[in-house]
file target_1.pdb (PDB, C-alpha atoms)
ATOM      1  CA  MET A   1       0.814  18.324  -0.803
ATOM      2  CA  GLY A   2      -1.963  18.219  -3.419
ATOM      3  CA  GLY A   3      -3.239  15.132  -5.153
ATOM      4  CA  VAL A   4      -3.629  14.468  -8.864
ATOM      5  CA  ALA A   5      -6.787  12.355  -8.746
ATOM      6  CA  ARG A   6      -9.803  11.288  -6.723
ATOM      7  CA  PHE A   7     -11.385   7.838  -6.546
ATOM      8  CA  MET A   8     -15.175   7.659  -6.407
ATOM      9  CA  HIS A   9     -17.835   5.016  -6.728
ATOM     10  CA  VAL A  10     -19.871   4.719  -9.895
ATOM     11  CA  SER A  11     -23.626   4.961  -9.385
ATOM     12  CA  PRO A  12     -25.319   1.918  -7.862
ATOM     13  CA  GLN A  13     -27.317   1.549 -11.099
ATOM     14  CA  ARG A  14     -24.138   1.437 -13.218
ATOM     15  CA  PHE A  15     -22.506  -1.075 -10.857
ATOM     16  CA  GLN A  16     -25.589  -3.312 -10.884
ATOM     17  CA  ALA A  17     -25.873  -3.238 -14.694
ATOM     18  CA  ASP A  18     -22.166  -3.945 -15.199
ATOM     19  CA  TRP A  19     -22.212  -6.655 -12.536
ATOM     20  CA  ARG A  20     -25.100  -8.463 -14.212
ATOM     21  CA  ASP A  21     -23.323  -8.156 -17.562
ATOM     22  CA  ALA A  22     -20.184  -9.744 -16.066
ATOM     23  CA  PHE A  23     -21.730 -12.365 -13.760
ATOM     24  CA  GLY A  24     -25.357 -12.881 -14.750
ATOM     25  CA  ASP A  25     -27.472 -14.128 -11.859
ATOM     26  CA  ILE A  26     -24.795 -13.947  -9.152
ATOM     27  CA  ALA A  27     -26.154 -11.554  -6.500
ATOM     28  CA  VAL A  28     -24.896  -7.991  -6.819
ATOM     29  CA  PRO A  29     -22.692  -7.207  -3.799
ATOM     30  CA  ALA A  30     -22.329  -3.877  -2.058
ATOM     31  CA  LEU A  31     -19.860  -1.453  -3.595
ATOM     32  CA  PRO A  32     -16.362  -2.288  -2.307
ATOM     33  CA  ALA A  33     -14.142   0.142  -0.430
ATOM     34  CA  LEU A  34     -12.442   2.788  -2.533
ATOM     35  CA  PRO A  35      -8.810   2.079  -3.439
ATOM     36  CA  ARG A  36      -6.266   3.143  -0.836
ATOM     37  CA  ARG A  37      -2.570   2.823  -0.080
ATOM     38  CA  ALA A  38      -1.555   0.377   2.628
ATOM     39  CA  THR A  39       1.429   2.404   3.875
ATOM     40  CA  ALA A  40       2.721   5.959   3.575
ATOM     41  CA  GLY A  41       5.525   4.672   1.331
ATOM     42  CA  SER A  42       3.269   2.705  -1.041
ATOM     43  CA  ALA A  43       3.049   3.878  -4.651
ATOM     44  CA  GLY A  44       0.069   1.662  -5.460
ATOM     45  CA  TYR A  45      -3.544   2.118  -4.424
ATOM     46  CA  ASP A  46      -5.049  -1.279  -3.640
ATOM     47  CA  PHE A  47      -8.287  -2.244  -5.410
ATOM     48  CA  PHE A  48     -10.573  -4.495  -3.372
ATOM     49  CA  SER A  49     -12.588  -7.372  -4.757
ATOM     50  CA  PRO A  50     -16.362  -7.055  -4.410
ATOM     51  CA  LEU A  51     -16.670 -10.863  -4.388
ATOM     52  CA  ALA A  52     -14.798 -13.958  -3.323
ATOM     53  CA  PHE A  53     -13.461 -15.937  -6.259
ATOM     54  CA  THR A  54     -11.128 -18.791  -7.066
ATOM     55  CA  LEU A  55      -9.225 -18.841 -10.325
ATOM     56  CA  GLU A  56      -8.081 -22.214 -11.554
ATOM     57  CA  PRO A  57      -4.889 -22.293 -13.647
ATOM     58  CA  GLY A  58      -5.629 -20.774 -17.050
ATOM     59  CA  ALA A  59      -8.970 -19.301 -15.921
ATOM     60  CA  CYS A  60      -9.852 -15.625 -16.098
ATOM     61  CA  VAL A  61     -12.360 -13.298 -14.466
ATOM     62  CA  ARG A  62     -13.562  -9.787 -15.404
ATOM     63  CA  ILE A  63     -14.294  -7.781 -12.275
ATOM     64  CA  PRO A  64     -16.377  -4.601 -12.254
ATOM     65  CA  THR A  65     -14.696  -2.683  -9.412
ATOM     66  CA  GLY A  66     -17.456  -0.151  -8.755
ATOM     67  CA  VAL A  67     -14.748   2.529  -8.918
ATOM     68  CA  CYS A  68     -14.002   5.436 -11.216
ATOM     69  CA  ALA A  69     -11.197   7.999 -10.995
ATOM     70  CA  ARG A  70     -11.188  11.717 -11.769
ATOM     71  CA  ILE A  71      -7.599  12.274 -12.951
ATOM     72  CA  ASP A  72      -5.854  15.567 -13.650
ATOM     73  CA  ASP A  73      -4.635  16.246 -17.189
ATOM     74  CA  GLY A  74      -1.081  15.047 -17.740
ATOM     75  CA  TRP A  75      -1.550  11.987 -15.502
ATOM     76  CA  VAL A  76      -2.594   8.379 -16.089
ATOM     77  CA  LEU A  77      -3.651   5.569 -13.761
ATOM     78  CA  MET A  78      -1.807   2.319 -14.498
ATOM     79  CA  LEU A  79      -3.246  -0.933 -13.139
ATOM     80  CA  PHE A  80      -1.287  -4.031 -12.151
ATOM     81  CA  PRO A  81      -1.998  -7.216 -10.167
ATOM     82  CA  ARG A  82      -0.916  -7.064  -6.533
ATOM     83  CA  SER A  83       2.774  -7.923  -6.495
ATOM     84  CA  GLY A  84       2.400 -10.900  -4.158
ATOM     85  CA  LEU A  85      -0.357 -12.474  -6.275
ATOM     86  CA  GLY A  86       1.696 -12.041  -9.424
ATOM     87  CA  PHE A  87       4.727 -13.564  -7.745
ATOM     88  CA  LYS A  88       2.942 -16.514  -6.117
ATOM     89  CA  TYR A  89       0.387 -17.336  -8.828
ATOM     90  CA  ARG A  90       1.590 -15.572 -11.991
ATOM     91  CA  LEU A  91      -1.614 -13.540 -11.820
ATOM     92  CA  GLN A  92      -1.760 -11.303 -14.879
ATOM     93  CA  LEU A  93      -3.985  -8.582 -16.226
ATOM     94  CA  ASN A  94      -5.329  -9.655 -19.600
ATOM     95  CA  ASN A  95      -4.162  -6.380 -21.136
ATOM     96  CA  THR A  96      -0.785  -6.726 -19.294
ATOM     97  CA  VAL A  97      -1.041  -3.207 -17.847
ATOM     98  CA  GLY A  98      -4.333  -1.397 -17.494
ATOM     99  CA  ILE A  99      -4.307   2.215 -18.680
ATOM    100  CA  VAL A 100      -6.979   4.574 -17.347
ATOM    101  CA  ASP A 101      -6.821   7.925 -19.144
ATOM    102  CA  ALA A 102      -8.052  11.173 -17.611
ATOM    103  CA  ASP A 103     -10.920  11.446 -20.114
ATOM    104  CA  TYR A 104     -12.213   7.959 -19.269
ATOM    105  CA  PHE A 105     -13.954   9.575 -16.278
ATOM    106  CA  GLY A 106     -16.423  11.296 -18.621
ATOM    107  CA  ALA A 107     -17.234   8.154 -20.628
ATOM    108  CA  ARG A 108     -20.822   6.949 -21.013
ATOM    109  CA  ASN A 109     -20.096   4.093 -18.591
ATOM    110  CA  GLU A 110     -19.244   6.650 -15.837
ATOM    111  CA  GLY A 111     -15.582   5.708 -16.185
ATOM    112  CA  HIS A 112     -16.254   2.385 -14.446
ATOM    113  CA  ILE A 113     -12.911   0.604 -14.036
ATOM    114  CA  PHE A 114     -12.923  -3.116 -14.823
ATOM    115  CA  ILE A 115     -10.009  -5.413 -14.101
ATOM    116  CA  LYS A 116      -9.710  -8.668 -16.064
ATOM    117  CA  LEU A 117      -7.312 -11.216 -14.591
ATOM    118  CA  THR A 118      -5.880 -14.562 -15.652
ATOM    119  CA  ASN A 119      -4.232 -17.128 -13.412
ATOM    120  CA  ALA A 120      -1.205 -18.024 -15.564
ATOM    121  CA  GLY A 121       0.223 -20.235 -12.827
ATOM    122  CA  ASP A 122      -0.108 -23.911 -12.068
ATOM    123  CA  ARG A 123      -2.273 -23.867  -8.932
ATOM    124  CA  PRO A 124      -5.644 -22.376  -7.931
ATOM    125  CA  MET A 125      -5.688 -18.860  -6.503
ATOM    126  CA  THR A 126      -8.398 -17.609  -4.140
ATOM    127  CA  VAL A 127      -9.245 -13.990  -3.343
ATOM    128  CA  GLY A 128     -11.737 -13.175  -0.598
ATOM    129  CA  ALA A 129     -14.441 -10.533  -0.798
ATOM    130  CA  GLY A 130     -12.959  -7.223   0.322
ATOM    131  CA  GLU A 131      -9.407  -8.461  -0.262
ATOM    132  CA  ALA A 132      -6.914  -6.415  -2.292
ATOM    133  CA  PHE A 133      -6.246  -8.053  -5.668
ATOM    134  CA  ALA A 134      -4.902  -5.291  -7.916
ATOM    135  CA  GLN A 135      -3.152  -1.964  -7.534
ATOM    136  CA  GLY A 136      -3.189   1.327  -9.378
ATOM    137  CA  VAL A 137      -0.308   3.782  -9.687
ATOM    138  CA  PHE A 138      -0.705   7.373 -10.904
ATOM    139  CA  LEU A 139       2.073   8.496 -13.234
ATOM    140  CA  PRO A 140       2.730  11.677 -15.228
ATOM    141  CA  PHE A 141       3.160  11.351 -18.975
ATOM    142  CA  GLY A 142       4.673  13.529 -21.684
ATOM    143  CA  LEU A 143       3.607  14.591 -25.165
ATOM    144  CA  THR A 144       5.585  14.938 -28.360
ATOM    145  CA  ASP A 145       6.391  18.395 -29.762
ATOM    146  CA  ASP A 146       4.113  17.766 -32.728
ATOM    147  CA  ASP A 147       1.175  16.229 -30.830
ATOM    148  CA  ASP A 148      -2.105  17.174 -32.478
ATOM    149  CA  ALA A 149      -4.668  14.944 -30.741
ATOM    150  CA  ARG A 150      -8.101  16.551 -31.016
ATOM    151  CA  GLY A 151     -10.402  13.574 -30.620
ATOM    152  CA  GLU A 152     -12.877  13.247 -27.775
ATOM    153  CA  ARG A 153     -13.740  10.059 -25.922
ATOM    154  CA  THR A 154     -17.375   9.085 -26.120
ATOM    155  CA  GLY A 155     -17.445   5.535 -24.790
ATOM    156  CA  GLY A 156     -15.576   3.154 -22.563
ATOM    157  CA  PHE A 157     -13.077   0.420 -23.447
ATOM    158  CA  GLY A 158     -11.613   0.753 -26.916
ATOM    159  CA  SER A 159     -13.772   3.750 -27.786
ATOM    160  CA  THR A 160     -10.879   5.870 -29.009
ATOM    161  CA  GLY A 161     -10.184   3.532 -31.929
ATOM    162  CA  GLY A 162      -6.443   3.087 -32.077
ATOM    163  CA  GLY A 163      -6.688   0.232 -34.564
ATOM    164  CA  LEU A 164      -3.523  -0.989 -36.272
TER     165      LEU A 164
END

call {"tool": "encode", "arguments": {"input": "target_1.pdb", "output": "structure tokens"}}
result
Amino acid sequence: MGGVARFMHVSPQRFQADWRDAFGDIAVPALPALPRRATAGSAGYDFFSPLAFTLEPGACVRIPTGVCARIDDGWVLMLFPRSGLGFKYRLQLNNTVGIVDADYFGARNEGHIFIKLTNAGDRPMTVGAGEAFAQGVFLPFGLTDDDDARGERTGGFGSTGGGL
């Protein structure tokens, strides 16, 4: 059975630059483990936190994962909080569902996947370094009969425009 994608690490230089942008002087950790499924029946690939953090109610954190994904055409990676964290703490992604398109891999930022979370619950939530905090699911998608998209991605987040 063939796969539709491959997870890889971004370069150490990219991770360090993005880490400093997100956290300033907090020491840059080692790249975390690549996402993986916990069981043979799991749909989601767990993303692991490169740092320990506690989110107070209403607080958010933007985590550079150190991961990029080469994805086959016709597929998308959708990101969600781990189910248990969402259930227990109302942990939410700030963009509700993260969408990683196949052409994000070739972006200037090496396709570095960031995950921004908010604790929408009423009690603090702690995640340890190396602990799974989000999950990604690969899904196929369809196109309309009259699709005429010809644009090319050049940057990272929001680089394709899409303004309303």

call {"tool": "closest_residue", "arguments": {"input": "target_1.pdb", "among": "A:Asp46, A:Asn94, A:Ala33, A:Leu139", "to": "A:Val61", "atoms": "all atoms listed in the file"}}
result
A:Asn94

call {"tool": "closest_residue", "arguments": {"input": "target_1.pdb", "among": "A:Leu51, A:Ala17, A:Ile99, A:Leu93", "to": "A:Ala30", "atoms": "all atoms listed in the file"}}
result
A:Leu51

call {"tool": "resolve_selection", "arguments": {"input": "target_1.pdb", "expression": "the PyMOL selection byres ((chain A and resi 62) around 7)", "output": "list in words"}}
result
Ala22, Cys60, Val61, Ile63, Pro64, Phe114, Ile115, Lys116 and Leu117 of chain A

call {"tool": "closest_residue", "arguments": {"input": "target_1.pdb", "among": "A:Leu55, A:Ala43, A:Met125, A:Val4", "to": "A:Leu79", "atoms": "all atoms listed in the file"}}
result
A:Ala43

call {"tool": "residues_near_point", "arguments": {"input": "target_1.pdb", "point": "(1.2, 11.8, -13.1)", "cutoff": "12 Å", "atoms": "all atoms listed in the file", "output": "PyMOL selection string"}}
result
chain A and resi 3-5+43+71-78+100-102+136-142

call {"tool": "resolve_selection", "arguments": {"input": "target_1.pdb", "expression": "the PyMOL selection byres ((chain A and resi 49) around 9)", "output": "PyMOL selection string"}}
result
chain A and resi 32-33+47-48+50-53+63-65+127-134

call {"tool": "closest_residue", "arguments": {"input": "target_1.pdb", "among": "A:Gly44, A:Asn119, A:Val67, A:Ile113", "to": "A:Phe87", "atoms": "all atoms listed in the file"}}
result
A:Asn119

call {"tool": "residues_around", "arguments": {"input": "target_1.pdb", "residues": "A:Gly111", "least_positions_apart": "3", "cutoff": "7 Å", "atoms": "only C-alpha atoms", "output": "mmCIF file with C-alpha atoms, in the frame of the given file"}}
result
data_model
loop_
_atom_site.group_PDB
_atom_site.id
_atom_site.type_symbol
_atom_site.label_atom_id
_atom_site.label_comp_id
_atom_site.auth_asym_id
_atom_site.auth_seq_id
_atom_site.Cartn_x
_atom_site.Cartn_y
_atom_site.Cartn_z
ATOM 1 C CA CYS A 68 -14.002 5.436 -11.216
ATOM 2 C CA TYR A 104 -12.213 7.959 -19.269
ATOM 3 C CA PHE A 105 -13.954 9.575 -16.278
ATOM 4 C CA GLY A 106 -16.423 11.296 -18.621
ATOM 5 C CA ALA A 107 -17.234 8.154 -20.628
ATOM 6 C CA GLY A 156 -15.576 3.154 -22.563
#

call {"tool": "resolve_selection", "arguments": {"input": "target_1.pdb", "expression": "the PyMOL selection byres ((chain A and resi 7) around 10)", "output": "ChimeraX atom specification"}}
result
/A:5-6,8-10,34-36,45,67-71

call {"tool": "build_atoms", "arguments": {"input": "target_1.pdb", "residues": "stretch 6-29 of chain A", "atoms": "N, CA and C atoms", "output": "tab-separated table (two decimals), in the frame of the given file"}}
result
chain	number	residue	atom	x	y	z
A	6	ARG	N	-8.87	11.65	-7.80
A	6	ARG	CA	-9.80	11.29	-6.72
A	6	ARG	C	-10.57	10.05	-7.16
A	7	PHE	N	-10.57	9.03	-6.31
A	7	PHE	CA	-11.38	7.84	-6.55
A	7	PHE	C	-12.79	8.09	-6.05
A	8	MET	N	-13.76	7.57	-6.78
A	8	MET	CA	-15.18	7.66	-6.41
A	8	MET	C	-15.86	6.36	-6.81
A	9	HIS	N	-17.03	6.15	-6.28
A	9	HIS	CA	-17.84	5.02	-6.73
A	9	HIS	C	-18.66	5.43	-7.94
A	10	VAL	N	-18.89	4.50	-8.85
A	10	VAL	CA	-19.87	4.72	-9.90
A	10	VAL	C	-21.25	4.65	-9.24
A	11	SER	N	-22.28	5.02	-9.96
A	11	SER	CA	-23.63	4.96	-9.38
A	11	SER	C	-24.00	3.51	-9.11
A	12	PRO	N	-24.86	3.29	-8.12
A	12	PRO	CA	-25.32	1.92	-7.86
A	12	PRO	C	-25.96	1.28	-9.10
A	13	GLN	N	-26.68	2.08	-9.89
A	13	GLN	CA	-27.32	1.55	-11.10
A	13	GLN	C	-26.27	1.06	-12.11
A	14	ARG	N	-25.20	1.83	-12.29
A	14	ARG	CA	-24.14	1.44	-13.22
A	14	ARG	C	-23.46	0.16	-12.73
A	15	PHE	N	-23.16	0.10	-11.42
A	15	PHE	CA	-22.51	-1.08	-10.86
A	15	PHE	C	-23.38	-2.31	-11.04
A	16	GLN	N	-24.68	-2.18	-10.75
A	16	GLN	CA	-25.59	-3.31	-10.88
A	16	GLN	C	-25.67	-3.79	-12.33
A	17	ALA	N	-25.79	-2.86	-13.28
A	17	ALA	CA	-25.87	-3.24	-14.69
A	17	ALA	C	-24.59	-3.92	-15.15
A	18	ASP	N	-23.44	-3.36	-14.79
A	18	ASP	CA	-22.17	-3.94	-15.20
A	18	ASP	C	-21.92	-5.28	-14.50
A	19	TRP	N	-22.37	-5.40	-13.26
A	19	TRP	CA	-22.21	-6.66	-12.54
A	19	TRP	C	-23.01	-7.76	-13.22
A	20	ARG	N	-24.25	-7.45	-13.55
A	20	ARG	CA	-25.10	-8.46	-14.21
A	20	ARG	C	-24.54	-8.84	-15.58
A	21	ASP	N	-23.95	-7.87	-16.27
A	21	ASP	CA	-23.32	-8.16	-17.56
A	21	ASP	C	-22.14	-9.10	-17.38
A	22	ALA	N	-21.38	-8.92	-16.31
A	22	ALA	CA	-20.18	-9.74	-16.07
A	22	ALA	C	-20.52	-11.10	-15.46
A	23	PHE	N	-21.50	-11.15	-14.54
A	23	PHE	CA	-21.73	-12.36	-13.76
A	23	PHE	C	-23.14	-12.94	-13.85
A	24	GLY	N	-24.00	-12.34	-14.61
A	24	GLY	CA	-25.36	-12.88	-14.75
A	24	GLY	C	-26.13	-12.86	-13.45
A	25	ASP	N	-26.58	-14.03	-13.01
A	25	ASP	CA	-27.47	-14.13	-11.86
A	25	ASP	C	-26.80	-14.11	-10.50
A	26	ILE	N	-25.47	-14.02	-10.45
A	26	ILE	CA	-24.80	-13.95	-9.15
A	26	ILE	C	-25.22	-12.65	-8.48
A	27	ALA	N	-25.64	-12.72	-7.22
A	27	ALA	CA	-26.15	-11.55	-6.50
A	27	ALA	C	-25.17	-10.38	-6.55
A	28	VAL	N	-25.72	-9.20	-6.76
A	28	VAL	CA	-24.90	-7.99	-6.82
A	28	VAL	C	-24.47	-7.62	-5.40
A	29	PRO	N	-23.16	-7.55	-5.14
A	29	PRO	CA	-22.69	-7.21	-3.80
A	29	PRO	C	-22.75	-5.69	-3.57
